[in-house]
Amino acid sequence: MPKRTLDPLPSAAFQILLALVGEDLHGYAIMRQVAEQTDGRIRLGPGTLYSSIRSLLENGLIEELDAREDADSGDERRRYYRLTSAGRKLASAEAHRLADVLRVARAKKILRGRYV
Amino acid sequence: MSEKIYAFFLRLYPDHFRQEYGDEALQLFRDRARDERGFFSRLRLWMDLLFDLTVSLPREYFHFPAPRAVTSAPQPVRGIPSFHVLQNEPLRPGALLSGGVLSLVALTTCWLSLISVVGPYHPAVRPPQGSSSSESSSPSRSFQPNQGDSASTSGRYAVPGGNLDPVERKRILAATISNLKEHYVDRDAAQKMASALAAHESHGDYDAVADRAAFAVLLTQQMHEINPDRHLTFEYFQDPLPPQPPAQPTGVSPQYRDAMKQQNCTFEKVELLPHNIGYLKFNSFPDPEVCRVEAMAAMTYVNHADVVIFDLRDNRGGSPEMVQLLGAYLFDHPEYWYNPREATSAQSWTQSPVPGSDLAGKPIFILTSSRTISGAEQFSYNLKMLKRATLVGETTGGAAHAGVFHRLDDHFGIGIPEVKSINPYSDNDWAETGVAPDVQISAPNALDAALKLARARLAKK
């Protein structure tokens, strides 16, 4: 199966990479983390979430860990995902790219309100 | 329910996605459904899911086209036509559309032709087989499931039954009253019911009832108003009841013996699955006189399993002795075993412990479906009530077959309980209502669900 290209990095995939910075999470925890870090604006549905996870796995940006029980629910074994060093690099590069965009936007004074 | 709907949506995804992430997607849905309660949260959840479907479905089909399995396809032998199934080939929208339209047309045509030939649909009503009764009162245990599918014999179905003339009605009522008084276990209640039916008749309450099936429903209702015993049923049978066969010698018939031999005593699968899970699928509870050895062999085979799954999804019941015999393996001390057909006695306790049985205390799962009836319901009911098994699947058929059947004429019969059995759990058992599962899931998915639960149980150990 051909790999799905992640250039440009889709927003969902970038959010997943950010969610995995610092901790390994399973699918539902990733979804909750993304919702939290975007103030509820992005709630990843199962199709988008797992489609993105597969692309990230295929591109070596995240890795799958052995299934284990969820600390919260206790009784369900779940697949956990971890950010790889390539994933961290890409997330960092994407963040810098967005920061550059932001700088331009700021210079053009198109940002209003309390943003950044 | 909502999970089933989402599971249906998941089927729209291509195979490769479902195989890889189907379970996870369903789990995520379950998690969200658990955490997001209330009307608005649920509405948002479904909006999210529908949006997700519209975005991710096309991407799955068009961005991830599955490779054609050209190299792995077996080459056809020259001259012999063959089919290839390209399982991962995405369906073209045109094919989906034309398939949908064609299916609709075919279904509508089928339905219209059925309507025009047989009239509106009604559940089939079959008489009990092998009824061995005389014209008015001889009893037979014709509700025994191994004599045929009798789940659909109940008079509760309103099947148009043709006209009931006053002479027949009078005759049937008289036969009903005399059978009740003669055979019903509770003489006082029998007298009260008989008086009530006679009073209804003298008040002319039946004069307006011309339909036979409606008459059967009405009579059952009126008896239950006086005495709510669901094992007592007045039944109408659309097809004529078989005439009484010659009295059969007691014991097992040679035909039954032969049939059991050919069908391996209806034990369809006896297996040890991965994780040391024992799995037994058997489709009746055969008479121990014929099948004791086979039943014991099956139980011995799974004796050292860590969990045992009894698959009763196609089990139509049979011998109460076999039901109790198998149940006995699961306890290390005698347990009261409720049997609506037999009066409570010293035999109402299981012969536990069974020497050599290692199954007492092991987790037990029972798979049920709406086709699970009679003895299979007795097995499920007792183990559920004793909190000895987890039932996974659908609510069972609700056929207790506790009454002794009395043929009244070619179309009417009455099932009369003749013994008093103590039900320590409730006034009603599974008659009419069925046994509700602990984990409700459609029958085809019950095995997977039970395996998952079994593995989770084992992981906790």
# chains A, B, ... in the order shown; residues from 1 in each chain; ligands from 1

$ residues_around --residues "Phe310 of chain B" --least-positions-apart "4" --cutoff "7 Å" --atoms "only C-alpha atoms" --output "number ranges by chain"
B: 279-281, 365-367

$ write_last_selection --atoms "C-alpha atoms" --output "PDB file, in the first residue's frame"
ATOM      1  CA  TYR B 279     -15.601 -23.858  23.844  1.00  0.00           C
ATOM      2  CA  LEU B 280     -18.617 -26.154  23.615  1.00  0.00           C
ATOM      3  CA  LYS B 281     -21.300 -25.692  20.989  1.00  0.00           C
ATOM      4  CA  PHE B 365     -19.889 -17.751  29.680  1.00  0.00           C
ATOM      5  CA  ILE B 366     -23.100 -18.751  27.906  1.00  0.00           C
ATOM      6  CA  LEU B 367     -23.910 -17.500  24.428  1.00  0.00           C
TER       7      LEU B 367
END

$ interface_residues --of "chain B" --to "chain A" --cutoff "9 Å" --atoms "only C-alpha atoms" --output "count of residues only"
33

$ select_by_dssp --residues "chain A" --states "alpha helix (DSSP H)" --output "ChimeraX atom specification"
/A:11-19,27-37,46-58,85-107

$ residues_around --residues "Gly87 of chain A" --least-positions-apart "3" --cutoff "7 Å" --atoms "only C-alpha atoms" --output "compact mmCIF listing (two decimals) with C-alpha atoms, in the first residue's frame"
# COMPACT_ATOMS: atom_id res chain seq x y z
CA LEU A 17 2.34 14.70 17.39
CA LEU A 61 6.94 9.60 13.23
CA ILE A 62 5.30 7.65 16.02
CA LEU A 83 6.55 9.95 19.59
CA THR A 84 9.79 8.96 17.78
CA LEU A 90 8.99 17.15 12.36
CA ALA A 91 6.69 18.61 15.02

$ residues_around --residues "Val354 of chain B" --least-positions-apart "2" --cutoff "6 Å" --atoms "only C-alpha atoms" --output "JSON, numbers by chain"
{"B": [329, 352, 357]}

$ write_last_selection --atoms "N, CA and C atoms" --output "compact mmCIF listing (two decimals), in the first residue's frame"
# COMPACT_ATOMS: atom_id res chain seq x y z
N TYR B 329 -21.44 -30.21 36.78
CA TYR B 329 -19.98 -30.10 36.65
C TYR B 329 -19.44 -28.77 37.17
N SER B 352 -23.47 -32.54 42.51
CA SER B 352 -22.12 -31.96 42.59
C SER B 352 -21.50 -32.33 43.93
N SER B 357 -14.07 -33.49 38.23
CA SER B 357 -14.34 -32.22 37.53
C SER B 357 -13.49 -31.11 38.11

$ closest_residue --among "A:Leu6, A:Leu18, A:Ile110, A:Ala12" --to "Ser92 of chain A" --atoms "only C-alpha atoms"
A:Leu18

$ residues_around --residues "Arg82 of chain A" --least-positions-apart "6" --cutoff "10 Å" --atoms "only C-alpha atoms" --output "number ranges by chain"
A: 17, 19-26, 57, 61-65

$ atom_distance --atom1 "atom CA of Ala399 of chain B" --atom2 "atom CA of Glu432 of chain B"
6.2 Å

$ select_by_dssp --residues "chain A" --states "strand (DSSP E or B)" --output "number ranges by chain"
A: 25-26, 62-64, 68-69, 77-78, 80-83

$ atom_distance --atom1 "atom CA of Ala194 of chain B" --atom2 "atom CA of Leu180 of chain B"
7.0 Å

$ atom_distance --atom1 "atom CA of Ala199 of chain B" --atom2 "atom CA of Gln238 of chain B"
27.4 Å

$ closest_residue --among "A:Asp39, A:Ala86, A:Arg97, A:Ala107" --to "Leu56 of chain A" --atoms "only C-alpha atoms"
A:Ala86

$ residues_around --residues "Pro93 of chain B" --least-positions-apart "5" --cutoff "12 Å" --atoms "only C-alpha atoms" --output "PyMOL selection string"
chain B and resi 58+61-62+98-100

$ write_last_selection --atoms "N, CA and C atoms" --output "tab-separated table (two decimals), in the first residue's frame"
chain	number	residue	atom	x	y	z
B	58	PRO	N	-13.98	9.13	2.26
B	58	PRO	CA	-13.40	9.28	0.92
B	58	PRO	C	-11.89	9.17	0.95
B	61	TYR	N	-10.76	5.61	0.94
B	61	TYR	CA	-10.92	4.91	-0.33
B	61	TYR	C	-10.00	5.46	-1.42
B	62	PHE	N	-9.82	6.80	-1.42
B	62	PHE	CA	-9.10	7.37	-2.56
B	62	PHE	C	-7.63	7.64	-2.29
B	98	SER	N	-26.03	1.38	-8.13
B	98	SER	CA	-26.85	0.43	-8.87
B	98	SER	C	-27.17	-0.79	-8.01
B	99	GLY	N	-26.23	-1.21	-7.16
B	99	GLY	CA	-26.49	-2.33	-6.26
B	99	GLY	C	-27.62	-2.01	-5.31
B	100	GLY	N	-27.60	-0.79	-4.77
B	100	GLY	CA	-28.64	-0.36	-3.83
B	100	GLY	C	-30.00	-0.34	-4.49

$ closest_residue --among "A:Ser85, A:Ser55, A:Lys108, A:Ile16" --to "Gln37 of chain A" --atoms "only C-alpha atoms"
A:Ile16
